[in-house]
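Student: Input file: protein.txt. Contents: compact mmCIF, C-alpha atoms (C1' of nucleotides).
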```txt
# COMPACT_ATOMS: atom_id res chain seq x y z
CA MET A 1 6.69 148.81 39.04
CA LEU A 2 7.14 151.07 41.98
CA SER A 3 5.58 154.47 41.25
CA LYS A 4 7.60 157.65 41.51
CA LYS A 5 5.19 158.71 44.20
CA ALA A 6 6.09 155.71 46.35
CA LYS A 7 9.77 156.23 45.71
CA TYR A 8 9.44 159.88 46.72
CA ALA A 9 7.62 158.78 49.86
CA LEU A 10 10.44 156.40 50.75
CA LYS A 11 13.05 159.08 50.14
CA ALA A 12 11.17 161.65 52.18
CA LEU A 13 10.69 159.26 55.08
CA LEU A 14 14.28 158.21 55.01
CA TYR A 15 15.31 161.83 55.06
CA LEU A 16 13.07 162.42 58.06
CA THR A 17 14.62 159.37 59.73
CA LYS A 18 18.10 160.82 59.29
CA GLN A 19 16.88 164.20 60.60
CA GLN A 20 14.95 162.70 63.47
CA GLN A 21 16.75 164.57 66.23
CA ALA A 22 16.47 167.84 64.31
CA GLY A 23 12.79 168.06 65.19
CA LEU A 24 10.43 169.42 62.57
CA VAL A 25 11.54 169.50 58.96
CA ASN A 26 9.69 171.53 56.38
CA ILE A 27 8.49 170.43 52.97
CA SER A 28 10.73 172.78 51.03
CA ASP A 29 13.76 171.36 52.79
CA ILE A 30 12.86 167.76 51.96
CA ALA A 31 11.86 168.68 48.41
CA GLU A 32 15.12 170.43 47.76
CA LYS A 33 17.47 167.88 49.31
CA GLU A 34 15.73 164.89 47.80
CA ARG A 35 14.90 166.64 44.51
CA ILE A 36 11.20 166.01 44.70
CA PRO A 37 8.70 168.42 43.09
CA LYS A 38 7.47 170.36 46.09
CA LYS A 39 3.77 170.46 45.33
CA PHE A 40 3.75 166.77 44.59
CA LEU A 41 5.58 166.04 47.81
CA GLU A 42 2.96 168.04 49.72
CA ALA A 43 0.26 165.64 48.62
CA ILE A 44 2.41 162.64 49.46
CA LEU A 45 3.13 163.87 52.97
CA VAL A 46 -0.55 164.53 53.65
CA ASP A 47 -1.20 160.98 52.52
CA LEU A 48 1.42 159.57 54.86
CA LYS A 49 0.03 161.70 57.66
CA THR A 50 -3.46 160.35 57.04
CA ASN A 51 -1.93 156.89 57.28
CA GLY A 52 -0.63 157.74 60.72
CA ILE A 53 3.12 157.69 60.25
CA LEU A 54 3.74 161.42 60.08
CA HIS A 55 3.02 164.24 62.46
CA SER A 56 2.82 167.86 61.33
CA VAL A 57 2.74 171.33 62.78
CA ARG A 58 1.34 174.24 60.79
CA GLY A 59 2.45 177.81 60.68
CA LYS A 60 5.83 179.43 61.03
CA LYS A 61 8.43 177.00 62.45
CA GLY A 62 6.10 174.22 61.45
CA GLY A 63 6.99 171.09 59.55
CA TYR A 64 6.89 167.34 59.60
CA SER A 65 8.30 164.60 61.78
CA LEU A 66 7.81 160.86 62.09
CA SER A 67 5.02 159.91 64.44
CA LYS A 68 6.27 156.35 64.87
CA GLU A 69 9.68 154.89 65.47
CA PRO A 70 11.56 154.30 62.21
CA SER A 71 12.20 150.77 63.47
CA GLU A 72 8.46 150.20 63.25
CA ILE A 73 7.86 151.61 59.78
CA SER A 74 8.48 148.99 57.12
CA VAL A 75 9.07 149.57 53.44
CA GLY A 76 6.12 147.26 52.78
CA ASN A 77 3.83 149.51 54.85
CA ILE A 78 4.93 152.60 53.01
CA ILE A 79 4.51 151.11 49.56
CA ARG A 80 1.05 149.83 50.41
CA MET A 81 0.02 153.29 51.62
CA ILE A 82 0.98 154.87 48.33
CA ASP A 83 0.71 152.20 45.63
CA GLY A 84 -1.66 149.73 47.23
CA PRO A 85 -1.13 145.95 47.26
CA LEU A 86 2.29 144.35 46.88
CA ALA A 87 0.64 141.41 45.16
CA PRO A 88 0.95 141.20 41.37
CA ILE A 89 -2.71 140.20 41.05
CA PRO A 90 -5.53 141.22 43.42
CA CYS A 91 -6.64 137.67 44.26
CA VAL A 92 -3.39 136.91 46.11
CA SER A 93 -3.29 140.05 48.20
CA HIS A 94 -3.71 139.61 51.94
CA LEU A 95 -4.77 143.12 52.83
CA TYR A 96 -6.48 144.15 49.60
CA TYR A 97 -7.94 140.87 48.40
CA ARG A 98 -10.24 141.15 45.39
CA LYS A 99 -11.37 138.64 42.83
CA CYS A 100 -9.65 139.04 39.47
CA ASP A 101 -12.05 140.28 36.77
CA GLU A 102 -10.87 137.78 34.19
CA CYS A 103 -10.87 134.82 36.52
CA GLN A 104 -13.33 132.05 35.81
CA ASP A 105 -12.48 129.81 38.74
CA GLU A 106 -10.10 130.96 41.41
CA ALA A 107 -9.76 127.50 42.95
CA THR A 108 -8.21 126.03 39.83
CA CYS A 109 -6.20 129.02 38.63
CA GLU A 110 -2.57 128.03 38.17
CA ILE A 111 -1.41 131.58 37.63
CA ARG A 112 -2.73 132.44 41.03
CA ILE A 113 -0.50 129.90 42.75
CA VAL A 114 2.65 131.23 41.15
CA MET A 115 1.69 134.82 41.82
CA LYS A 116 0.99 133.97 45.41
CA LYS A 117 4.58 132.76 45.72
CA VAL A 118 5.77 136.05 44.28
CA ARG A 119 3.62 138.10 46.61
CA ASP A 120 4.82 136.09 49.62
CA ALA A 121 8.46 136.42 48.68
CA THR A 122 8.04 140.15 48.08
CA ALA A 123 6.18 140.72 51.33
CA ALA A 124 8.76 138.69 53.26
CA ILE A 125 11.41 141.14 52.13
CA LEU A 126 9.53 144.43 52.27
CA ASP A 127 7.67 143.79 55.50
CA GLU A 128 10.92 142.96 57.25
CA THR A 129 12.86 145.94 56.02
CA PHE A 130 12.39 149.01 58.20
CA LEU A 131 13.45 152.60 57.86
CA THR A 132 16.21 151.95 60.39
CA ASP A 133 17.57 149.21 58.13
CA LEU A 134 17.69 151.57 55.19
CA GLU A 135 19.39 154.18 57.32
CA ALA A 136 22.04 151.68 58.42
CA LEU A 137 22.52 150.55 54.85
CA ASN A 138 23.00 154.11 53.75
CA ALA A 139 25.66 154.73 56.37
CA TYR A 140 27.45 151.59 55.21
CA LEU A 141 27.30 152.54 51.54
CA GLN A 142 28.59 156.03 52.24
CA VAL A 143 31.72 154.59 53.79
CA GLU A 144 32.34 151.60 51.59
CA THR A 145 31.94 153.48 48.34
CA GLN A 146 35.57 152.69 47.49
CA GLU A 147 35.01 148.99 47.71
CA PRO A 148 31.66 148.28 46.10
CA LEU A 149 29.31 145.57 47.29
CA ASP A 150 29.57 142.23 45.58
CA PHE A 151 26.10 141.84 44.17
CA GLN A 152 25.58 141.81 40.46
CA ILE A 153 23.61 144.45 38.58
CA MET B 1 0.91 144.70 38.92
CA LEU B 2 0.65 142.14 36.18
CA SER B 3 -1.19 143.65 33.22
CA LYS B 4 -4.30 142.00 31.81
CA LYS B 5 -2.37 141.62 28.61
CA ALA B 6 0.29 139.51 30.31
CA LYS B 7 -2.32 137.48 32.10
CA TYR B 8 -4.11 136.85 28.82
CA ALA B 9 -0.80 135.80 27.29
CA LEU B 10 -0.21 133.31 30.08
CA LYS B 11 -3.71 131.91 29.74
CA ALA B 12 -3.43 131.60 25.97
CA LEU B 13 -0.07 129.85 26.19
CA LEU B 14 -1.28 127.50 28.86
CA TYR B 15 -4.27 126.67 26.71
CA LEU B 16 -1.94 125.94 23.80
CA THR B 17 0.17 123.78 26.07
CA LYS B 18 -2.86 121.70 26.99
CA GLN B 19 -3.86 121.46 23.32
CA GLN B 20 -0.35 120.70 22.16
CA GLN B 21 -1.15 117.39 20.48
CA ALA B 22 -4.23 118.88 18.80
CA GLY B 23 -1.96 120.72 16.37
CA LEU B 24 -2.99 124.20 15.31
CA VAL B 25 -5.48 126.09 17.42
CA ASN B 26 -7.20 129.19 16.12
CA ILE B 27 -7.56 132.55 17.81
CA SER B 28 -11.34 132.38 18.10
CA ASP B 29 -11.07 129.10 19.94
CA ILE B 30 -8.58 130.43 22.47
CA ALA B 31 -10.48 133.70 22.86
CA GLU B 32 -13.74 131.92 23.55
CA LYS B 33 -12.42 129.26 25.95
CA GLU B 34 -10.26 131.64 27.91
CA ARG B 35 -12.68 134.57 27.65
CA ILE B 36 -10.22 136.97 26.13
CA PRO B 37 -11.36 139.79 23.79
CA LYS B 38 -10.52 138.36 20.39
CA LYS B 39 -9.00 141.42 18.74
CA PHE B 40 -6.87 142.07 21.79
CA LEU B 41 -5.71 138.48 21.82
CA GLU B 42 -4.69 138.78 18.16
CA ALA B 43 -2.21 141.49 19.03
CA ILE B 44 -0.89 139.50 21.96
CA LEU B 45 -0.29 136.39 19.87
CA VAL B 46 1.54 138.35 17.20
CA ASP B 47 3.71 139.73 19.96
CA LEU B 48 4.49 136.28 21.30
CA LYS B 49 5.21 135.10 17.79
CA THR B 50 7.65 137.96 17.25
CA ASN B 51 9.30 136.84 20.46
CA GLY B 52 9.80 133.41 18.97
CA ILE B 53 7.64 131.22 21.16
CA LEU B 54 4.69 130.82 18.83
CA HIS B 55 4.37 129.47 15.35
CA SER B 56 1.44 130.32 13.10
CA VAL B 57 -0.14 129.20 9.87
CA ARG B 58 -2.38 131.53 7.89
CA GLY B 59 -5.47 130.75 5.89
CA LYS B 60 -8.17 128.15 6.29
CA LYS B 61 -7.13 125.43 8.74
CA GLY B 62 -4.54 127.81 10.04
CA GLY B 63 -3.88 128.69 13.65
CA TYR B 64 -1.25 128.86 16.33
CA SER B 65 0.99 126.40 18.09
CA LEU B 66 3.95 126.59 20.44
CA SER B 67 7.27 126.79 18.66
CA LYS B 68 9.26 125.72 21.70
CA GLU B 69 8.75 123.01 24.28
CA PRO B 70 6.50 124.17 27.13
CA SER B 71 9.20 122.91 29.47
CA GLU B 72 11.43 125.63 28.07
CA ILE B 73 9.03 128.53 28.27
CA SER B 74 9.12 130.17 31.68
CA VAL B 75 6.54 132.45 33.20
CA GLY B 76 9.30 135.01 33.66
CA ASN B 77 10.04 134.97 29.93
CA ILE B 78 6.43 135.48 29.04
CA ILE B 79 5.88 138.35 31.45
CA ARG B 80 9.02 140.10 30.22
CA MET B 81 7.84 139.81 26.62
CA ILE B 82 4.57 141.53 27.42
CA ASP B 83 5.14 143.77 30.43
CA GLY B 84 8.88 144.28 30.31
CA PRO B 85 11.18 144.01 33.35
CA LEU B 86 10.28 142.03 36.45
CA ALA B 87 12.27 144.51 38.53
CA PRO B 88 10.29 147.08 40.52
CA ILE B 89 12.72 149.83 39.52
CA PRO B 90 14.74 149.97 36.28
CA CYS B 91 18.14 150.23 37.94
CA VAL B 92 17.93 146.68 39.34
CA SER B 93 16.81 144.99 36.16
CA HIS B 94 19.27 142.54 34.59
CA LEU B 95 17.89 142.51 31.09
CA TYR B 96 16.42 145.99 30.88
CA TYR B 97 18.80 147.98 33.06
CA ARG B 98 18.27 151.74 33.04
CA LYS B 99 19.26 154.48 35.42
CA CYS B 100 16.35 155.74 37.51
CA ASP B 101 15.37 159.32 36.57
CA GLU B 102 15.11 160.47 40.17
CA CYS B 103 18.33 158.87 41.31
CA GLN B 104 21.13 161.16 42.38
CA ASP B 105 23.69 158.48 43.15
CA GLU B 106 23.05 154.87 42.36
CA ALA B 107 26.00 153.61 44.37
CA THR B 108 24.58 154.90 47.64
CA CYS B 109 20.88 154.33 47.00
CA GLU B 110 19.41 152.22 49.80
CA ILE B 111 16.11 151.73 48.03
CA ARG B 112 17.97 150.10 45.20
CA ILE B 113 19.42 147.41 47.46
CA VAL B 114 16.02 146.40 48.80
CA MET B 115 14.46 146.44 45.38
CA LYS B 116 17.25 144.30 44.06
CA LYS B 117 16.33 141.69 46.63
CA VAL B 118 12.74 141.84 45.48
CA ARG B 119 13.66 141.54 41.83
CA ASP B 120 15.95 138.56 42.58
CA ALA B 121 13.32 136.76 44.63
CA THR B 122 10.72 137.37 41.94
CA ALA B 123 12.98 136.24 39.13
CA ALA B 124 13.99 133.13 41.08
CA ILE B 125 10.35 132.09 41.14
CA LEU B 126 9.18 133.17 37.72
CA ASP B 127 12.25 132.07 35.79
CA GLU B 128 12.00 128.60 37.30
CA THR B 129 8.32 128.10 36.66
CA PHE B 130 7.61 126.73 33.20
CA LEU B 131 4.43 126.14 31.25
CA THR B 132 4.72 122.43 32.04
CA ASP B 133 4.72 123.25 35.75
CA LEU B 134 1.54 125.26 35.39
CA GLU B 135 -0.04 122.47 33.41
CA ALA B 136 0.82 119.94 36.10
CA LEU B 137 -0.47 122.27 38.77
CA ASN B 138 -3.72 122.65 36.90
CA ALA B 139 -4.20 118.90 36.64
CA TYR B 140 -3.59 118.63 40.37
CA LEU B 141 -6.03 121.39 41.22
CA GLN B 142 -8.74 119.90 39.03
CA VAL B 143 -8.60 116.65 40.97
CA GLU B 144 -8.03 117.94 44.45
CA THR B 145 -10.80 120.52 44.31
CA GLN B 146 -12.63 118.69 47.08
CA GLU B 147 -9.73 119.02 49.46
CA PRO B 148 -8.30 122.49 48.99
CA LEU B 149 -4.60 123.26 49.24
CA ASP B 150 -3.32 124.41 52.58
CA PHE B 151 -1.93 127.78 51.67
CA GLN B 152 -3.52 130.90 53.03
CA ILE B 153 -5.21 133.55 50.94
C1' DC C 1 -11.03 130.18 -9.83
C1' DC C 2 -13.72 131.66 -5.97
C1' DA C 3 -15.71 131.58 -1.49
C1' DA C 4 -14.79 130.85 3.12
C1' DT C 5 -11.69 130.97 6.88
C1' DA C 6 -7.96 132.43 9.42
C1' DG C 7 -3.85 135.22 10.47
C1' DT C 8 -1.71 140.25 9.81
C1' DC C 9 -1.22 145.20 9.57
C1' DT C 10 -2.31 149.98 10.41
C1' DA C 11 -4.68 153.11 12.79
C1' DC C 12 -7.47 154.87 16.03
C1' DT C 13 -9.98 155.53 20.58
C1' DA C 14 -11.47 155.33 25.22
C1' DA C 15 -10.49 154.77 29.96
C1' DT C 16 -7.43 154.82 33.65
C1' DT C 17 -3.49 155.98 36.14
C1' DT C 18 0.45 158.74 37.06
C1' DA C 19 2.70 162.85 37.75
C1' DA C 20 2.27 166.79 38.44
C1' DT C 21 0.63 172.37 38.91
C1' DA C 22 -2.07 176.49 40.42
C1' DG C 23 -4.10 179.20 43.62
C1' DA C 24 -6.66 180.19 47.55
C1' DT C 25 -7.01 179.17 52.69
C1' DT C 26 -5.71 178.23 57.39
C1' DT C 27 -2.54 178.24 61.22
C1' DA C 28 1.12 179.75 64.23
C1' DA C 29 5.17 182.57 65.54
C1' DT C 30 7.42 186.98 65.93
C1' DA D 1 0.20 192.60 60.93
C1' DT D 2 3.57 190.08 58.54
C1' DT D 3 5.69 186.03 57.37
C1' DA D 4 6.29 181.20 56.90
C1' DA D 5 4.46 177.07 56.86
C1' DA D 6 0.93 173.35 56.19
C1' DT D 7 -3.70 172.30 53.81
C1' DC D 8 -7.53 172.13 50.57
C1' DT D 9 -9.76 172.13 46.08
C1' DA D 10 -9.40 171.90 41.49
C1' DT D 11 -7.40 171.25 37.23
C1' DT D 12 -4.22 169.50 33.72
C1' DA D 13 -0.86 166.98 31.01
C1' DA D 14 1.33 162.86 29.82
C1' DA D 15 1.70 158.11 29.69
C1' DT D 16 -0.03 153.57 29.86
C1' DT D 17 -3.49 150.14 29.38
C1' DA D 18 -7.16 147.98 27.22
C1' DG D 19 -9.56 147.55 23.53
C1' DT D 20 -11.87 148.31 18.54
C1' DA D 21 -12.37 148.85 13.44
C1' DG D 22 -11.40 147.77 9.06
C1' DA D 23 -8.71 146.67 5.23
C1' DC D 24 -5.26 143.14 3.56
C1' DT D 25 -3.03 138.59 2.79
C1' DA D 26 -2.64 133.67 2.67
C1' DT D 27 -4.53 128.96 2.40
C1' DT D 28 -7.89 125.38 1.65
C1' DG D 29 -11.55 122.97 -0.45
C1' DG D 30 -15.17 122.82 -3.67
```
Could you rewrite the structure in this file as structure tokens?
Tutor:
Amino acid sequence: MLSKKAKYALKALLYLTKQQQAGLVNISDIAEKERIPKKFLEAILVDLKTNGILHSVRGKKGGYSLSKEPSEISVGNIIRMIDGPLAPIPCVSHLYYRKCDECQDEATCEIRIVMKKVRDATAAILDETFLTDLEALNAYLQVETQEPLDFQI
Amino acid sequence: MLSKKAKYALKALLYLTKQQQAGLVNISDIAEKERIPKKFLEAILVDLKTNGILHSVRGKKGGYSLSKEPSEISVGNIIRMIDGPLAPIPCVSHLYYRKCDECQDEATCEIRIVMKKVRDATAAILDETFLTDLEALNAYLQVETQEPLDFQI
DNA sequence: CCAATAGTCTACTAATTTAATAGATTTAAT
DNA sequence: ATTAAATCTATTAAATTAGTAGACTATTGG
């Protein structure tokens, strides 16, 4: 499950992507428009800043902006920053590899193989979806609302 | 993240699959061989029984066995029984659909579209991997241990 | 029938993670 | 100097996860 924190991060970053030419955007603005608890959002933005994708200016007229191009910030990156590994079990993570506590022998663990497939499929999607893609998708959905997309819920 | 509980369930069921012709297998046996805390395993097995994939006999000489063919029990099924939806957010789940709390408008939520892709890719793998597949994989890994598989960790 | 063995039920607890909140501090603009 | 904004430290509340304890019930074999 994606945490609320990660979802808030995605929403905030997407908002900043849309507002990119507006310059600095302040926390209260993001919190209000995206309905994110302000204090919680504060912590999230500091986190994203520490991870190098946000830039901030303090004081009056201060605020946040993206410090990288939205075409270079992937959903996978963002989720990893907030929630950690995409992998369903630690032993199949690329960037956060860890031996599973319960695992007797990694080399002959069948569960591991299946979960590796899941992690690879997930990463293939999330690491190739960038903020610009979400922005484009949003624009599309706004217009096509009358005629809904054909995927099944 | 897959919970330990779900992982224990998978291990227990795989053990029962391997022991299928041995008839009934008791909790202590599974717990010991798979190194699962016995009392915790008890609860898990009751859960799986309630979900209709295990059969049990009480009393001396009692124990557990699969109540369906291992070729009909998918990893996806098992995980859903223990951890709930495969979907990373509730609004893209097929079997456990729920509106996301934070969501203002589902129809124009970009995050939803990406997460739907992830849920579909995950389900495609887990719903098509059955206990028999894991068993076969295990047999393969046991033999080929000398020459490891060529996938990357 | 009774002792041993094995599943079942109810209840609790402990640890961890998630989702915040409060309040003081620092920085910059006007 | 005042105001608006980010930042830092600390705490808390709720939920989830992982596990434990102990009494109860059913079956078998002597």
Student: As an exercise, work out the distance from CA of Phe130 (chain B) to CA of Ser3 (chain A) in Å and give it to one decimal place.
Tutor: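 Going from CA of Phe130 (chain B) over to CA of Ser3 (chain A) covers 29.0 Å.
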Student: Which distance in Å separates CA of Asn26 (chain B) and C1' of DA3 (chain C), to one decimal?
Tutor: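 Those two atoms sit 19.7 Å apart.
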Student: Quick one: pull the distance between CA of Lys49 (chain A) and CA of Ser67 (chain A), Å, one decimal.
Tutor: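 Computing the Euclidean distance for CA of Lys49 (chain A) and CA of Ser67 (chain A) yields 8.6 Å.
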Student: May I have chain A as a compact mmCIF listing (two decimals) with C-alpha atoms, in the coordinates of the input, after a least-squares superposition on chain B that uses all C-alpha atoms paired in order?
Tutor:
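What landed in part-v5.txt:
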```txt
# COMPACT_ATOMS: atom_id res chain seq x y z
CA MET A 1 0.90 144.66 38.93
CA LEU A 2 0.64 142.13 36.20
CA SER A 3 -1.22 143.62 33.23
CA LYS A 4 -4.31 141.96 31.82
CA LYS A 5 -2.38 141.59 28.61
CA ALA A 6 0.28 139.49 30.31
CA LYS A 7 -2.33 137.45 32.11
CA TYR A 8 -4.12 136.82 28.81
CA ALA A 9 -0.80 135.78 27.29
CA LEU A 10 -0.21 133.29 30.09
CA LYS A 11 -3.71 131.89 29.73
CA ALA A 12 -3.43 131.59 25.97
CA LEU A 13 -0.06 129.85 26.19
CA LEU A 14 -1.27 127.50 28.84
CA TYR A 15 -4.24 126.66 26.69
CA LEU A 16 -1.93 125.96 23.77
CA THR A 17 0.18 123.77 26.06
CA LYS A 18 -2.85 121.69 26.98
CA GLN A 19 -3.83 121.45 23.29
CA GLN A 20 -0.33 120.70 22.13
CA GLN A 21 -1.13 117.40 20.45
CA ALA A 22 -4.19 118.90 18.76
CA GLY A 23 -1.95 120.74 16.32
CA LEU A 24 -2.98 124.22 15.27
CA VAL A 25 -5.47 126.12 17.39
CA ASN A 26 -7.20 129.21 16.10
CA ILE A 27 -7.57 132.56 17.80
CA SER A 28 -11.34 132.39 18.09
CA ASP A 29 -11.06 129.09 19.91
CA ILE A 30 -8.57 130.42 22.46
CA ALA A 31 -10.49 133.67 22.85
CA GLU A 32 -13.73 131.89 23.53
CA LYS A 33 -12.44 129.23 25.92
CA GLU A 34 -10.27 131.61 27.89
CA ARG A 35 -12.71 134.54 27.64
CA ILE A 36 -10.24 136.93 26.12
CA PRO A 37 -11.39 139.73 23.78
CA LYS A 38 -10.52 138.30 20.39
CA LYS A 39 -9.03 141.37 18.75
CA PHE A 40 -6.90 142.04 21.78
CA LEU A 41 -5.71 138.45 21.82
CA GLU A 42 -4.71 138.77 18.16
CA ALA A 43 -2.23 141.48 19.02
CA ILE A 44 -0.89 139.49 21.96
CA LEU A 45 -0.30 136.39 19.86
CA VAL A 46 1.53 138.37 17.18
CA ASP A 47 3.70 139.75 19.96
CA LEU A 48 4.48 136.29 21.30
CA LYS A 49 5.20 135.12 17.78
CA THR A 50 7.64 137.98 17.25
CA ASN A 51 9.30 136.87 20.47
CA GLY A 52 9.81 133.44 18.98
CA ILE A 53 7.63 131.24 21.16
CA LEU A 54 4.69 130.83 18.81
CA HIS A 55 4.37 129.49 15.32
CA SER A 56 1.44 130.34 13.06
CA VAL A 57 -0.13 129.23 9.83
CA ARG A 58 -2.39 131.55 7.86
CA GLY A 59 -5.45 130.77 5.86
CA LYS A 60 -8.15 128.17 6.25
CA LYS A 61 -7.14 125.44 8.74
CA GLY A 62 -4.54 127.84 10.03
CA GLY A 63 -3.86 128.72 13.62
CA TYR A 64 -1.23 128.87 16.30
CA SER A 65 1.01 126.39 18.07
CA LEU A 66 3.96 126.61 20.42
CA SER A 67 7.28 126.81 18.64
CA LYS A 68 9.26 125.75 21.70
CA GLU A 69 8.77 123.04 24.26
CA PRO A 70 6.51 124.18 27.11
CA SER A 71 9.21 122.93 29.47
CA GLU A 72 11.45 125.64 28.06
CA ILE A 73 9.03 128.55 28.26
CA SER A 74 9.12 130.17 31.68
CA VAL A 75 6.52 132.45 33.20
CA GLY A 76 9.30 135.01 33.67
CA ASN A 77 10.04 134.97 29.92
CA ILE A 78 6.42 135.48 29.04
CA ILE A 79 5.88 138.35 31.45
CA ARG A 80 9.01 140.11 30.23
CA MET A 81 7.82 139.81 26.63
CA ILE A 82 4.55 141.53 27.42
CA ASP A 83 5.12 143.78 30.44
CA GLY A 84 8.87 144.28 30.33
CA PRO A 85 11.17 144.02 33.36
CA LEU A 86 10.26 142.02 36.46
CA ALA A 87 12.24 144.49 38.53
CA PRO A 88 10.28 147.07 40.53
CA ILE A 89 12.72 149.82 39.53
CA PRO A 90 14.72 149.96 36.27
CA CYS A 91 18.14 150.21 37.94
CA VAL A 92 17.90 146.67 39.34
CA SER A 93 16.79 144.97 36.16
CA HIS A 94 19.23 142.52 34.60
CA LEU A 95 17.86 142.48 31.09
CA TYR A 96 16.40 145.98 30.89
CA TYR A 97 18.78 147.95 33.08
CA ARG A 98 18.25 151.71 33.03
CA LYS A 99 19.24 154.43 35.43
CA CYS A 100 16.34 155.72 37.51
CA ASP A 101 15.37 159.29 36.57
CA GLU A 102 15.12 160.46 40.16
CA CYS A 103 18.33 158.84 41.29
CA GLN A 104 21.14 161.12 42.38
CA ASP A 105 23.71 158.46 43.15
CA GLU A 106 23.05 154.85 42.35
CA ALA A 107 26.01 153.59 44.38
CA THR A 108 24.60 154.87 47.64
CA CYS A 109 20.90 154.30 47.01
CA GLU A 110 19.43 152.21 49.81
CA ILE A 111 16.13 151.71 48.04
CA ARG A 112 17.98 150.08 45.22
CA ILE A 113 19.42 147.38 47.46
CA VAL A 114 16.04 146.38 48.82
CA MET A 115 14.45 146.43 45.39
CA LYS A 116 17.24 144.30 44.06
CA LYS A 117 16.33 141.67 46.65
CA VAL A 118 12.74 141.82 45.49
CA ARG A 119 13.67 141.51 41.85
CA ASP A 120 15.95 138.54 42.60
CA ALA A 121 13.33 136.76 44.65
CA THR A 122 10.71 137.37 41.96
CA ALA A 123 12.97 136.23 39.14
CA ALA A 124 13.98 133.12 41.10
CA ILE A 125 10.35 132.08 41.17
CA LEU A 126 9.17 133.15 37.73
CA ASP A 127 12.24 132.06 35.80
CA GLU A 128 12.00 128.60 37.30
CA THR A 129 8.32 128.10 36.66
CA PHE A 130 7.60 126.72 33.20
CA LEU A 131 4.44 126.14 31.26
CA THR A 132 4.73 122.43 32.03
CA ASP A 133 4.71 123.25 35.75
CA LEU A 134 1.54 125.26 35.38
CA GLU A 135 -0.03 122.46 33.39
CA ALA A 136 0.84 119.93 36.10
CA LEU A 137 -0.48 122.26 38.76
CA ASN A 138 -3.71 122.64 36.89
CA ALA A 139 -4.19 118.89 36.64
CA TYR A 140 -3.59 118.62 40.37
CA LEU A 141 -6.04 121.39 41.23
CA GLN A 142 -8.73 119.90 39.02
CA VAL A 143 -8.60 116.68 41.00
CA GLU A 144 -8.02 117.96 44.49
CA THR A 145 -10.76 120.57 44.35
CA GLN A 146 -12.57 118.75 47.17
CA GLU A 147 -9.65 119.08 49.50
CA PRO A 148 -8.23 122.56 49.02
CA LEU A 149 -4.55 123.36 49.27
CA ASP A 150 -3.29 124.54 52.61
CA PHE A 151 -1.93 127.94 51.74
CA GLN A 152 -3.54 131.02 53.15
CA ILE A 153 -5.26 133.65 51.03
```
Student: So, with all atoms listed in the file as the atoms that count, which of A:Leu45, A:Met115, A:Leu16, A:Ile36 lies closest to chain D?
Tutor: A:Leu45
Student: Kindly assemble as JSON lines a list of the chain D residues that lie within 9 Å of chain A, each paired with its nearest atom pair and their distance in Å to one decimal, using only C-alpha atoms (C1' of nucleotides), sorted first by chain and then by ascending residue number.
Tutor:
```
{"residue": "D:DT3", "atom": "C1'", "partner": "A:Lys60", "partner_atom": "CA", "distance": 7.5}
{"residue": "D:DA4", "atom": "C1'", "partner": "A:Lys60", "partner_atom": "CA", "distance": 4.5}
{"residue": "D:DA5", "atom": "C1'", "partner": "A:Gly59", "partner_atom": "CA", "distance": 4.4}
{"residue": "D:DA6", "atom": "C1'", "partner": "A:Arg58", "partner_atom": "CA", "distance": 4.7}
{"residue": "D:DT7", "atom": "C1'", "partner": "A:Val46", "partner_atom": "CA", "distance": 8.4}
```
Student: Using all atoms listed in the file, select each residue of chain A with any atom at most 6 Å away from an atom of chain B, and give the selection as a PyMOL selection string.
Tutor: chain A and resi 1-2+88+108+110+118+122+134+138+141
Student: Put those residues in a file: C-alpha atoms, as a JSON list (two decimals), in the frame of the given file.
Tutor:
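Dumped to again_27.json:
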```
[["chain", "number", "residue", "atom", "x", "y", "z"],
["A", 1, "MET", "CA", 6.69, 148.81, 39.04],
["A", 2, "LEU", "CA", 7.14, 151.07, 41.98],
["A", 88, "PRO", "CA", 0.95, 141.20, 41.37],
["A", 108, "THR", "CA", -8.21, 126.03, 39.83],
["A", 110, "GLU", "CA", -2.57, 128.03, 38.17],
["A", 118, "VAL", "CA", 5.77, 136.05, 44.28],
["A", 122, "THR", "CA", 8.04, 140.15, 48.08],
["A", 134, "LEU", "CA", 17.69, 151.57, 55.19],
["A", 138, "ASN", "CA", 23.00, 154.11, 53.75],
["A", 141, "LEU", "CA", 27.30, 152.54, 51.54]]
```
Student: Just need the residues of chain C within 8 Å of chain A, counting all atoms listed in the file, so spit them out as a PyMOL selection string.
Tutor: chain C and resi 18-21+27-29
Student: From the list C:DT16, C:DT5, C:DT26, C:DT10, which residue is nearest DC24 (chain D) when using all atoms listed in the file?
Tutor: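 Distance minimum relative to DC24 (chain D) lands on C:DT10.
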Student: Which one is closest to DT13 (chain C): D:DA21, D:DA1, D:DA15, D:DC8? Count all atoms listed in the file.
Tutor: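 Of D:DA21, D:DA1, D:DA15, D:DC8, the one nearest DT13 (chain C) is D:DA21, counting all atoms listed in the file.
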Student: Find the residue from C:DA15, C:DA24, C:DA4, C:DC9 that sits nearest to DA23 (chain D); use all atoms listed in the file when measuring.
Tutor: C:DC9
Student: I want to know what sits within 12 Å of DC2 (chain C), based on all atoms listed in the file, with residues of the same chain fewer than 6 positions away left out; could you give that as a PyMOL selection string?
Tutor: chain D and resi 28-30
